[in-house]
>>> print(open('run.txt').read())   # compact mmCIF, C-alpha atoms and all ligand atoms
# COMPACT_ATOMS: atom_id res chain seq x y z
CA MET D 12 33.14 20.32 -23.74
CA SER D 13 34.52 22.03 -20.74
CA LYS D 14 32.34 24.36 -18.65
CA VAL D 15 33.24 27.30 -16.45
CA LEU D 16 30.91 27.61 -13.49
CA VAL D 17 30.92 30.46 -10.97
CA VAL D 18 29.48 30.01 -7.49
CA THR D 19 28.40 33.46 -6.40
CA SER D 20 25.97 35.31 -4.12
CA GLY D 21 26.78 38.92 -3.38
CA LYS D 22 26.13 38.41 0.30
CA GLY D 23 28.83 36.85 2.47
CA GLY D 24 28.59 33.68 4.48
CA VAL D 25 25.66 32.12 2.61
CA GLY D 26 27.49 28.92 1.65
CA LYS D 27 29.46 29.58 -1.55
CA THR D 28 32.63 27.85 -0.45
CA THR D 29 30.72 24.93 1.09
CA SER D 30 28.76 24.58 -2.16
CA THR D 31 31.84 24.87 -4.39
CA ALA D 32 33.51 22.04 -2.48
CA ALA D 33 30.37 19.88 -2.37
CA LEU D 34 29.39 20.35 -6.03
CA GLY D 35 32.99 20.00 -7.21
CA ALA D 36 33.39 16.79 -5.22
CA ALA D 37 30.00 15.44 -6.38
CA LEU D 38 30.86 16.04 -10.05
CA ALA D 39 34.30 14.48 -9.57
CA GLN D 40 32.81 11.52 -7.69
CA GLY D 41 30.62 11.06 -10.78
CA GLY D 42 33.75 10.68 -12.90
CA LYS D 43 34.21 14.20 -14.28
CA LYS D 44 37.56 15.98 -14.16
CA VAL D 45 37.02 18.97 -11.89
CA VAL D 46 39.10 21.89 -10.67
CA VAL D 47 37.83 24.25 -7.99
CA VAL D 48 39.41 27.70 -8.07
CA ASP D 49 39.48 29.96 -5.01
CA PHE D 50 39.00 33.61 -6.01
CA ASP D 51 38.79 34.86 -2.44
CA VAL D 52 42.22 36.52 -2.47
CA GLY D 53 43.41 37.41 1.02
CA LEU D 54 40.77 35.27 2.72
CA ARG D 55 41.19 31.87 1.18
CA ASN D 56 39.18 29.07 2.74
CA LEU D 57 38.49 26.53 0.05
CA ASP D 58 41.81 24.81 0.89
CA LEU D 59 40.64 24.40 4.48
CA ILE D 60 37.20 23.07 3.53
CA LEU D 61 38.89 20.53 1.24
CA GLY D 62 41.51 19.57 3.84
CA ALA D 63 44.41 20.67 1.62
CA GLU D 64 45.63 23.61 3.72
CA ARG D 65 48.90 21.95 4.64
CA ARG D 66 49.83 21.30 1.05
CA VAL D 67 49.48 24.75 -0.51
CA VAL D 68 52.75 25.87 -2.10
CA PHE D 69 51.78 28.16 -4.97
CA ASP D 70 48.54 29.95 -5.67
CA LEU D 71 46.52 31.65 -8.39
CA ILE D 72 48.50 34.89 -8.06
CA ASN D 73 51.84 33.08 -8.31
CA VAL D 74 50.60 31.57 -11.57
CA ILE D 75 49.32 34.91 -12.88
CA GLN D 76 52.59 36.61 -12.04
CA GLY D 77 54.65 33.83 -13.59
CA ASP D 78 56.30 32.66 -10.35
CA ALA D 79 54.90 29.19 -10.87
CA LYS D 80 53.44 27.05 -13.62
CA LEU D 81 49.79 26.12 -13.38
CA SER D 82 50.69 22.44 -12.96
CA GLN D 83 52.83 23.37 -9.95
CA ALA D 84 50.04 25.25 -8.23
CA LEU D 85 47.29 22.67 -8.71
CA ILE D 86 46.74 20.43 -5.70
CA ARG D 87 45.17 17.04 -6.33
CA ASP D 88 42.74 15.79 -3.77
CA LYS D 89 44.05 12.74 -1.94
CA ARG D 90 40.66 11.03 -1.75
CA ILE D 91 38.92 11.98 -4.99
CA GLU D 92 41.40 11.56 -7.79
CA ASN D 93 39.51 13.65 -10.37
CA LEU D 94 39.36 16.67 -8.10
CA SER D 95 41.98 19.43 -8.04
CA LEU D 96 42.24 22.74 -6.23
CA LEU D 97 43.80 26.00 -7.36
CA PRO D 98 44.20 27.97 -4.13
CA ALA D 99 43.94 31.72 -3.66
CA SER D 100 46.76 33.76 -2.22
CA GLN D 101 46.45 34.44 1.48
CA THR D 102 48.87 37.33 1.60
CA ARG D 103 48.42 39.41 -1.54
CA ASP D 104 45.53 41.67 -2.30
CA LYS D 105 42.92 41.50 -5.02
CA ASP D 106 44.80 44.00 -7.20
CA ALA D 107 47.27 41.28 -8.07
CA LEU D 108 44.47 39.58 -10.05
CA THR D 109 44.65 40.96 -13.57
CA ASP D 110 42.05 40.52 -16.31
CA GLU D 111 44.55 39.02 -18.74
CA GLY D 112 46.12 36.82 -16.08
CA VAL D 113 42.78 35.34 -15.07
CA ALA D 114 41.76 34.86 -18.70
CA LYS D 115 44.95 32.93 -19.42
CA VAL D 116 44.62 30.69 -16.36
CA ILE D 117 40.96 29.90 -17.09
CA ALA D 118 41.77 29.06 -20.72
CA GLU D 119 44.53 26.70 -19.60
CA LEU D 120 42.26 25.05 -17.00
CA LYS D 121 39.57 24.50 -19.63
CA GLU D 122 42.01 22.38 -21.61
CA LYS D 123 42.64 20.10 -18.65
CA PHE D 124 39.28 19.81 -16.90
CA ASP D 125 35.61 19.13 -17.70
CA TRP D 126 34.50 21.56 -15.02
CA VAL D 127 36.23 24.73 -13.84
CA ILE D 128 34.36 25.88 -10.73
CA CYS D 129 35.15 29.37 -9.45
CA ASP D 130 34.42 30.13 -5.78
CA SER D 131 33.58 33.83 -5.74
CA PRO D 132 34.37 36.14 -2.86
CA ALA D 133 31.46 38.00 -1.29
CA GLY D 134 30.63 41.48 -2.51
CA ILE D 135 30.46 42.99 -5.97
CA GLU D 136 34.02 44.26 -6.21
CA LYS D 137 36.85 43.26 -8.48
CA GLY D 138 37.33 39.74 -7.06
CA ALA D 139 33.68 38.83 -7.53
CA MET D 140 33.64 40.38 -11.01
CA LEU D 141 36.70 38.43 -12.12
CA ALA D 142 35.31 35.19 -10.71
CA MET D 143 32.16 35.54 -12.82
CA TYR D 144 33.63 37.13 -15.96
CA HIS D 145 34.50 33.91 -17.81
CA ALA D 146 31.52 31.89 -16.62
CA ASP D 147 29.33 29.81 -18.93
CA MET D 148 27.10 28.93 -15.99
CA ALA D 149 26.42 30.38 -12.56
CA VAL D 150 25.16 28.93 -9.32
CA VAL D 151 23.58 31.74 -7.33
CA VAL D 152 23.71 30.71 -3.67
CA THR D 153 20.86 32.23 -1.69
CA ASN D 154 19.61 31.84 1.87
CA PRO D 155 15.84 32.19 2.34
CA GLU D 156 16.23 35.56 3.97
CA VAL D 157 15.59 39.12 2.72
CA SER D 158 19.11 40.53 2.46
CA SER D 159 20.46 37.44 0.76
CA VAL D 160 17.65 37.47 -1.83
CA ARG D 161 18.21 41.15 -2.52
CA ASP D 162 21.96 40.64 -3.03
CA SER D 163 21.30 37.65 -5.29
CA ASP D 164 19.08 39.83 -7.44
CA ARG D 165 21.94 42.28 -7.80
CA ILE D 166 24.36 39.50 -8.74
CA ILE D 167 21.92 38.10 -11.32
CA GLY D 168 21.87 41.56 -12.91
CA MET D 169 25.64 41.55 -13.08
CA LEU D 170 25.73 38.07 -14.61
CA ASP D 171 23.51 39.46 -17.35
CA SER D 172 25.65 42.53 -18.02
CA LYS D 173 29.22 42.21 -16.76
CA THR D 174 30.40 38.88 -18.15
CA ALA D 175 32.22 37.86 -21.32
CA LYS D 176 29.08 36.04 -22.47
CA SER D 177 26.82 39.05 -21.94
CA GLU D 178 29.27 41.27 -23.83
CA LYS D 179 28.92 38.91 -26.80
CA GLY D 180 25.16 39.08 -26.55
CA GLU D 181 24.97 35.56 -25.09
CA ARG D 182 23.59 34.43 -21.76
CA VAL D 183 25.20 32.93 -18.72
CA GLU D 184 23.09 29.93 -17.69
CA LYS D 185 21.94 30.80 -14.18
CA HIS D 186 20.80 28.38 -11.46
CA LEU D 187 19.44 29.10 -8.01
CA LEU D 188 20.77 27.07 -5.09
CA ILE D 189 18.90 27.70 -1.87
CA THR D 190 21.07 26.78 1.10
CA ARG D 191 20.68 26.66 4.88
CA TYR D 192 17.01 25.99 4.41
CA ASP D 193 15.23 25.08 7.63
CA PRO D 194 11.98 23.22 6.85
CA ALA D 195 10.64 23.62 10.40
CA ARG D 196 11.07 27.37 10.38
CA ALA D 197 9.66 27.62 6.86
CA ALA D 198 6.61 25.61 8.00
CA ARG D 199 6.11 28.00 10.90
CA GLY D 200 6.24 30.91 8.48
CA GLU D 201 9.45 32.29 9.98
CA MET D 202 11.51 31.87 6.86
CA LEU D 203 10.88 32.89 3.26
CA LYS D 204 9.27 30.05 1.33
CA VAL D 205 11.08 28.47 -1.60
CA ASP D 206 8.29 29.50 -3.94
CA ASP D 207 8.58 33.12 -2.82
CA VAL D 208 12.32 33.16 -3.45
CA LEU D 209 11.83 31.53 -6.84
CA GLU D 210 9.14 33.98 -7.83
CA ILE D 211 11.23 36.99 -6.85
CA LEU D 212 14.47 35.88 -8.49
CA SER D 213 12.87 33.92 -11.36
CA ILE D 214 15.81 31.77 -12.34
CA PRO D 215 15.57 27.95 -12.43
CA LEU D 216 15.98 26.06 -9.17
CA LEU D 217 19.05 23.86 -8.92
CA GLY D 218 18.43 22.53 -5.45
CA ILE D 219 17.52 23.14 -1.85
CA VAL D 220 20.22 22.35 0.68
CA PRO D 221 18.87 22.04 4.21
CA GLU D 222 20.57 23.50 7.25
CA SER D 223 22.61 20.58 8.54
CA GLU D 224 25.11 20.01 11.29
CA GLU D 225 26.90 17.60 8.93
CA VAL D 226 28.15 20.64 7.00
CA LEU D 227 29.99 21.89 10.08
CA LYS D 228 31.32 18.42 10.89
CA ALA D 229 32.65 18.03 7.35
CA SER D 230 34.40 21.39 7.54
CA ASN D 231 35.94 20.43 10.87
CA VAL D 232 37.65 17.44 9.33
CA GLY D 233 38.39 19.08 5.99
CA ALA D 234 36.25 17.03 3.64
CA PRO D 235 33.46 18.07 1.27
CA VAL D 236 30.16 17.06 2.88
CA THR D 237 29.33 14.81 -0.09
CA LEU D 238 32.42 12.77 0.74
CA ASN D 239 32.25 12.92 4.51
CA ASN D 240 28.63 11.84 4.78
CA PRO D 241 27.12 11.02 1.38
CA ALA D 242 23.81 9.83 2.81
CA ASN D 243 23.06 13.06 4.64
CA ALA D 244 20.21 15.25 3.34
CA ALA D 245 22.52 18.17 2.51
CA SER D 246 24.83 15.83 0.56
CA ARG D 247 21.90 14.32 -1.31
CA ALA D 248 20.80 17.81 -2.31
CA TYR D 249 24.30 18.53 -3.62
CA PHE D 250 24.49 15.23 -5.54
CA GLU D 251 21.14 16.02 -7.12
CA ALA D 252 22.25 19.55 -7.99
CA ALA D 253 25.41 18.18 -9.60
CA ARG D 254 23.36 15.84 -11.78
CA ARG D 255 21.13 18.70 -12.79
CA LEU D 256 24.16 20.80 -13.69
CA SER D 257 25.28 17.95 -15.93
CA GLY D 258 22.02 18.26 -17.82
CA GLU D 259 19.88 15.62 -16.16
CA ASP D 260 16.25 16.51 -15.74
CA LEU D 261 15.12 15.42 -12.30
CA PRO D 262 12.69 16.89 -9.78
CA VAL D 263 14.06 18.95 -6.89
CA THR D 264 13.72 17.19 -3.53
CA MET D 265 12.06 19.35 -0.93
CA PRO D 266 13.79 18.94 2.45
CA MET D 267 11.34 17.65 5.04
CA GLU D 268 11.16 18.23 8.73
CA LYS D 269 12.41 15.37 10.81
CA GLN D 270 9.15 13.77 11.80
CA GLY D 271 8.02 11.60 14.63
CA PHE D 272 6.45 8.23 13.96
CA ILE D 273 2.91 9.52 14.40
CA ALA D 274 3.38 12.42 12.02
CA LYS D 275 4.80 10.04 9.41
CA LEU D 276 1.92 7.65 9.90
CA PHE D 277 -0.66 10.31 9.26
CA GLY D 278 1.30 12.05 6.53
CA ARG D 279 1.66 15.75 6.04
CA ARG D 280 -1.73 17.04 5.13
CA VAL D 281 -1.17 20.65 6.04
CA ALA D 282 -0.03 22.54 2.99
CA MET R 15 43.80 6.55 25.80
CA SER R 16 40.88 5.46 27.93
CA LEU R 17 38.16 3.13 26.80
CA PHE R 18 35.76 6.04 26.96
CA SER R 19 37.81 8.19 24.62
CA PHE R 20 38.10 5.24 22.26
CA PHE R 21 34.35 5.21 21.85
CA THR R 22 33.87 8.97 21.65
CA ARG R 23 36.86 9.76 19.47
CA ARG R 24 35.25 9.02 16.15
CA ALA R 25 32.11 10.94 16.86
CA THR R 26 33.62 14.31 17.72
CA THR R 27 35.08 16.41 14.96
CA ALA R 28 35.87 19.58 16.89
CA PRO R 29 39.26 18.31 18.16
CA VAL R 30 40.25 17.56 14.57
CA ALA R 31 39.29 21.09 13.62
CA ARG R 32 41.33 22.52 16.49
CA ASP R 33 44.43 20.52 15.56
CA ARG R 34 44.19 21.48 11.91
CA LEU R 35 43.84 25.15 12.77
CA GLN R 36 46.72 25.12 15.24
CA ILE R 37 49.08 23.72 12.64
CA LEU R 38 47.85 25.98 9.87
CA LEU R 39 47.92 29.18 11.90
CA ALA R 40 51.35 28.44 13.38
CA HIS R 41 52.66 28.24 9.82
CA GLU R 42 50.75 31.27 8.58
CA ARG R 43 51.93 33.45 11.44
CA ALA R 44 55.51 32.35 10.99
CA ALA R 45 55.33 32.99 7.26
CA ASN R 46 54.14 36.54 7.80
CA GLY R 47 55.92 38.69 5.25
CA ARG R 48 57.73 35.71 3.74
CA SER R 49 54.83 34.43 1.74
CA ASP R 50 57.01 33.52 -1.20
CA LEU R 51 59.46 31.33 0.66
CA ALA R 52 58.53 28.31 -1.42
CA ALA R 53 58.95 30.31 -4.63
CA ILE R 54 62.32 31.67 -3.50
CA LEU R 55 63.54 28.24 -2.45
CA GLN R 56 62.47 26.75 -5.74
CA GLU R 57 64.25 29.45 -7.75
CA GLU R 58 67.48 29.14 -5.82
CA ILE R 59 67.54 25.36 -5.78
CA LEU R 60 66.83 25.23 -9.50
CA ALA R 61 69.51 27.80 -10.21
CA VAL R 62 72.08 25.63 -8.45
CA ILE R 63 71.00 22.49 -10.32
CA ALA R 64 70.80 24.30 -13.64
CA LYS R 65 74.49 25.06 -13.39
CA HIS R 66 75.16 21.38 -13.83
CA ILE R 67 72.22 19.80 -15.57
CA GLU R 68 69.84 21.04 -18.23
CA ILE R 69 66.36 21.00 -16.71
CA ASP R 70 62.92 21.70 -18.08
CA ARG R 71 61.09 24.18 -15.85
CA ASP R 72 57.79 22.46 -16.65
CA LYS R 73 59.03 19.16 -15.25
CA VAL R 74 59.58 20.45 -11.75
CA GLN R 75 57.08 19.73 -8.98
CA VAL R 76 57.31 21.27 -5.55
CA LYS R 77 55.33 19.63 -2.76
CA LEU R 78 54.94 20.82 0.76
CA ASP R 79 53.38 19.18 3.78
CA ARG R 80 53.12 21.37 6.83
CA GLY R 81 53.17 19.32 10.01
CA ALA R 82 53.05 20.20 13.69
CA ALA R 83 56.62 19.16 14.46
CA VAL R 84 58.18 18.82 11.01
CA SER R 85 57.25 19.95 7.55
CA THR R 86 58.56 18.43 4.39
CA LEU R 87 59.49 20.23 1.21
CA GLU R 88 59.75 17.85 -1.69
CA ILE R 89 61.16 18.96 -5.01
CA ASP R 90 60.78 16.55 -7.91
CA ILE R 91 62.90 17.32 -10.90
CA GLU R 92 62.44 15.16 -13.92
CA MET R 93 65.68 14.70 -15.78
CA PRO R 94 65.98 13.59 -19.39
CA ALA R 95 66.99 9.93 -19.82
CA GLN R 96 70.45 10.95 -20.88
CA PHE R 97 70.79 14.21 -19.11
CA LYS R 98 73.18 16.63 -20.68
CA LYS R 99 75.83 18.12 -18.55
CA ILE R 100 76.26 21.73 -19.36
CA ALA R 101 79.72 21.99 -20.86
CA GLY R 102 82.05 24.10 -18.90
CA ALA R 103 79.52 24.75 -16.18
CA ALA R 104 82.12 24.65 -13.50
CA ALA R 105 84.41 26.94 -15.40
CA ARG R 106 81.72 29.52 -16.11
CA ASN R 107 80.63 29.87 -12.54
N1 LIG T 1 23.65 23.74 4.68
C1 LIG T 1 24.34 24.26 5.72
N2 LIG T 1 24.01 23.88 6.98
C2 LIG T 1 24.69 24.38 8.04
N3 LIG T 1 25.67 25.26 7.95
C3 LIG T 1 26.05 25.68 6.73
C4 LIG T 1 25.40 25.21 5.55
N4 LIG T 1 26.00 25.80 4.48
C5 LIG T 1 26.96 26.60 4.97
N5 LIG T 1 27.01 26.54 6.31
C6 LIG T 1 27.92 27.26 7.21
O1 LIG T 1 27.82 28.64 6.94
C7 LIG T 1 29.08 29.27 7.09
C8 LIG T 1 29.45 30.01 5.82
O2 LIG T 1 29.61 29.07 4.77
P1 LIG T 1 30.62 29.33 3.58
O3 LIG T 1 31.98 29.65 4.07
O4 LIG T 1 30.47 28.20 2.64
O5 LIG T 1 29.98 30.65 2.97
P2 LIG T 1 30.57 31.63 1.88
O6 LIG T 1 29.40 32.13 1.12
O7 LIG T 1 31.65 30.98 1.12
O8 LIG T 1 31.20 32.78 2.79
P3 LIG T 1 32.11 34.01 2.27
O9 LIG T 1 31.17 34.97 1.64
O10 LIG T 1 32.72 34.54 3.53
O11 LIG T 1 33.10 33.44 1.33
C9 LIG T 1 30.07 28.18 7.45
O12 LIG T 1 30.23 28.16 8.83
C10 LIG T 1 29.38 26.92 6.98
O13 LIG T 1 29.76 25.79 7.73
MG MG T 2 33.67 31.64 0.75
>>> encode(input="run.txt", output="C-alpha cells")
Amino acid sequence: MSKVLVVTSGKGGVGKTTSTAALGAALAQGGKKVVVVDFDVGLRNLDLILGAERRVVFDLINVIQGDAKLSQALIRDKRIENLSLLPASQTRDKDALTDEGVAKVIAELKEKFDWVICDSPAGIEKGAMLAMYHADMAVVVTNPEVSSVRDSDRIIGMLDSKTAKSEKGERVEKHLLITRYDPARAARGEMLKVDDVLEILSIPLLGIVPESEEVLKASNVGAPVTLNNPANAASRAYFEAARRLSGEDLPVTMPMEKQGFIAKLFGRRVA
Amino acid sequence: MSLFSFFTRRATTAPVARDRLQILLAHERAANGRSDLAAILQEEILAVIAKHIEIDRDKVQVKLDRGAAVSTLEIDIEMPAQFKKIAGAAARN
C-alpha cells in the first residue's frame, strides 16, 4: 500500500530538502517506486539537489490549474529509474496551491507510487500545512540546537491536529531525524545531546545524520548523497532511516568522532 | 587541459556547481515573467496539429533540456496506429 510521507521541521535550513532527496533515493535504490514532491512554491530547490533543474517544464501548480497532466510534469531521474520528481513552481506564489488541487494530485500519485514524499517549506504557513495535510507518516527534521527543537515541537503539535488523519481521529506516524549532528561538539557538551532531544520531543528516533562535507559535495553536482557517495556516514544514516521507514527494526547507529589510531586502540571509555 | 587539472578535476565539485548555477540562472532570468512559455508553446503546437490529426492530450510528452549554448524542446505526440484525419479540417480553418 502506498504511503504519503511529509518531511517537515518548522525551522528553515535544517536539512529537509537534503533529507527528502536522500530518503527518496534510498527507498528507490531499494526497489520502491518513489516520487518526491516539492512544496516550496516560489523557492524550489529539490530539482537542483536532484540535478534535474534543466529539465523542469511543468510543475505542481501547472498540474493543479490544469495546464498540464500529472504525467507531463513528472521528471524521471536519469540514474535511479524508480525515482521521480514533481517540481514546485518557481514563479507563482503559495496561493496558487488549493486544498482540492493538492488532494487530487496526491490521490493520483498514490496510484502510481509506493512512496509519495512531500518536501515541506519552512514555517507554519499554508505551504507547510498543505505539505503535511495528507500525510500518513512524517519525518521531523531537527538539528540539535534550541530553536530547531522548539520549532519541531510546534510542528509535532500541528501533525497531531491539522492533518486529514488527525481530523479522522487517527494518528500520523511521526519519526525524528536528527541532522547536522557533530559528534565532537556533542562530546564537548557544546551541542544538545541526542538523548536530550529525544526526551524533549518524545517521538521515535529514525536516525542521526552527521554533519558531513559530502552533503555539500553531492548538492554541488546535483545528486542525492546516497547516490553520490553511498559509503559515507551521512548516506549510511539515510539508508538506515529508509529501512526503518519501510518497517525494519534495526538499531540506530550513533555517529562517532573520527578517531586517531590510539583512541581506537583504547576504545571510548568516557561516557 | 594540464596534467595537474586532470588529476584535480574529479575531486573538486565547486566548478560543477558554478556551471550548473550559471546555466540555470541565465534561463530563470530570461524567463522572468514568461514562466509559462512551455505551456503556451505546447498549447499552440497542439492546436496546429489538432487541426489535422486527432490527438489524445494524455499521450503528449514535452521535454526540455536547458543548455548553456542551446536548449532543446522535445514534443512527443503519440498517434493512433491508423490516425484519423479530421474530415474537412482544411476547409473549416
Ligand atoms: N548532514 C549535513 N551535513 C552538512 N551540511 C548539511 C547537512 N544537511 C544539510 N546540510 C546543508 O544545510 C543547508 C540546508 O539544507 P536543506 O536545503 O536541505 O534544508 P531545508 O530544511 O530544506 O531548508 P529550507 O527550510 O530553506 O527549505 C544546505 O546548505 C545543505 O547542504
Ligand atoms: Mg528545503
>>> atom_distance(input="run.txt", atom1="atom CA of Val45 of chain D", atom2="atom CA of Asp260 of chain D")
21.3 Å
>>> interface_residues(input="run.txt", of="chain R", to="chain D", cutoff="8 Å", atoms="only C-alpha atoms", output="list of chain:residue names")
R:Thr27, R:Ala28, R:Val30, R:Ala31, R:Leu38, R:Ser49, R:Ala52, R:Ala53, R:Asp72, R:Val74, R:Gln75, R:Val76, R:Lys77, R:Leu78, R:Asp79, R:Arg80, R:Gly81
>>> residues_near_ligand(input="run.txt", ligand="ligand LIG 1 (chain T)", cutoff="6 Å", atoms="only C-alpha atoms and all ligand atoms", output="tab-separated table (two decimals) with C-alpha atoms, in the frame of the given file")
chain	number	residue	atom	x	y	z
D	23	GLY	CA	28.83	36.85	2.47
D	24	GLY	CA	28.59	33.68	4.48
D	25	VAL	CA	25.66	32.12	2.61
D	26	GLY	CA	27.49	28.92	1.65
D	27	LYS	CA	29.46	29.58	-1.55
D	28	THR	CA	32.63	27.85	-0.45
D	29	THR	CA	30.72	24.93	1.09
D	132	PRO	CA	34.37	36.14	-2.86
D	133	ALA	CA	31.46	38.00	-1.29
D	190	THR	CA	21.07	26.78	1.10
D	191	ARG	CA	20.68	26.66	4.88
D	220	VAL	CA	20.22	22.35	0.68
D	221	PRO	CA	18.87	22.04	4.21
D	222	GLU	CA	20.57	23.50	7.25
D	223	SER	CA	22.61	20.58	8.54
D	224	GLU	CA	25.11	20.01	11.29
D	226	VAL	CA	28.15	20.64	7.00
D	227	LEU	CA	29.99	21.89	10.08
>>> residues_near_ligand(input="run.txt", ligand="ligand MG 2 (chain T)", cutoff="12 Å", atoms="all atoms listed in the file", output="PyMOL selection string")
chain D and resi 18-32+48-60+99+129-134+138-139+152
>>> atom_distance(input="run.txt", atom1="atom CA of Lys137 of chain D", atom2="atom CA of Glu119 of chain D")
21.4 Å
>>> residues_near_point(input="run.txt", point="(34.5, 17.9, -7.1)", cutoff="10 Å", atoms="only C-alpha atoms", output="VMD selection string")
chain D and resid 31 to 47 61 88 91 to 96 126 to 128 235 237 to 238 253
>>> residues_around(input="run.txt", residues="Glu92 of chain R", least_positions_apart="3", cutoff="8 Å", atoms="only C-alpha atoms", output="ChimeraX atom specification")
/R:69-70,73-74
>>> axis_aligned_box(input="run.txt", around="segment 63-69 of chain R", padding_each_side="6 Å", output="lines of an AutoDock Vina configuration file")
center_x = 70.8
center_y = 22.4
center_z = -14.3
size_x = 20.8
size_y = 17.3
size_z = 19.9
>>> atom_distance(input="run.txt", atom1="atom CA of Arg182 of chain D", atom2="atom CA of Leu217 of chain D")
17.2 Å
>>> residues_around(input="run.txt", residues="Asp147 of chain D", least_positions_apart="4", cutoff="9 Å", atoms="all atoms listed in the file", output="PyMOL selection string")
chain D and resi 14-17+143+175-176+182-185
>>> decode(input="run.txt", residues="segment 19-25 of chain D", atoms="all heavy atoms", output="PDB file, in the first residue's frame")
ATOM      1  N   THR D  19       9.325  17.529   7.278  1.00  0.00           N
ATOM      2  CA  THR D  19       8.956  18.845   7.773  1.00  0.00           C
ATOM      3  C   THR D  19       9.823  19.235   8.970  1.00  0.00           C
ATOM      4  O   THR D  19      10.565  18.417   9.505  1.00  0.00           O
ATOM      5  CB  THR D  19       7.432  18.842   8.106  1.00  0.00           C
ATOM      6  OG1 THR D  19       7.021  20.154   8.467  1.00  0.00           O
ATOM      7  CG2 THR D  19       7.112  17.888   9.243  1.00  0.00           C
ATOM      8  N   SER D  20       9.742  20.508   9.397  1.00  0.00           N
ATOM      9  CA  SER D  20      10.613  20.931  10.501  1.00  0.00           C
ATOM     10  C   SER D  20      10.201  22.220  11.199  1.00  0.00           C
ATOM     11  O   SER D  20      10.639  22.487  12.301  1.00  0.00           O
ATOM     12  CB  SER D  20      12.047  21.161   9.989  1.00  0.00           C
ATOM     13  OG  SER D  20      12.069  22.306   9.154  1.00  0.00           O
ATOM     14  N   GLY D  21       9.406  23.037  10.548  1.00  0.00           N
ATOM     15  CA  GLY D  21       9.169  24.370  11.103  1.00  0.00           C
ATOM     16  C   GLY D  21      10.317  25.289  10.748  1.00  0.00           C
ATOM     17  O   GLY D  21      10.199  26.174   9.907  1.00  0.00           O
ATOM     18  N   LYS D  22      11.444  25.060  11.379  1.00  0.00           N
ATOM     19  CA  LYS D  22      12.613  25.912  11.139  1.00  0.00           C
ATOM     20  C   LYS D  22      13.200  25.693   9.736  1.00  0.00           C
ATOM     21  O   LYS D  22      13.175  24.588   9.212  1.00  0.00           O
ATOM     22  CB  LYS D  22      13.666  25.615  12.185  1.00  0.00           C
ATOM     23  CG  LYS D  22      14.851  26.576  12.164  1.00  0.00           C
ATOM     24  CD  LYS D  22      15.710  26.364  13.391  1.00  0.00           C
ATOM     25  CE  LYS D  22      17.110  26.912  13.182  1.00  0.00           C
ATOM     26  NZ  LYS D  22      17.188  28.347  12.973  1.00  0.00           N
ATOM     27  N   GLY D  23      13.731  26.765   9.172  1.00  0.00           N
ATOM     28  CA  GLY D  23      14.332  26.684   7.839  1.00  0.00           C
ATOM     29  C   GLY D  23      15.778  26.213   7.891  1.00  0.00           C
ATOM     30  O   GLY D  23      16.458  26.350   8.909  1.00  0.00           O
ATOM     31  N   GLY D  24      16.216  25.641   6.793  1.00  0.00           N
ATOM     32  CA  GLY D  24      17.627  25.319   6.618  1.00  0.00           C
ATOM     33  C   GLY D  24      18.167  24.182   7.474  1.00  0.00           C
ATOM     34  O   GLY D  24      19.369  24.068   7.662  1.00  0.00           O
ATOM     35  N   VAL D  25      17.279  23.327   7.994  1.00  0.00           N
ATOM     36  CA  VAL D  25      17.770  22.255   8.867  1.00  0.00           C
ATOM     37  C   VAL D  25      18.120  20.976   8.098  1.00  0.00           C
ATOM     38  O   VAL D  25      18.765  20.078   8.637  1.00  0.00           O
ATOM     39  CB  VAL D  25      16.757  21.914   9.986  1.00  0.00           C
ATOM     40  CG1 VAL D  25      16.578  23.098  10.925  1.00  0.00           C
ATOM     41  CG2 VAL D  25      15.430  21.497   9.407  1.00  0.00           C
TER      42      VAL D  25
END
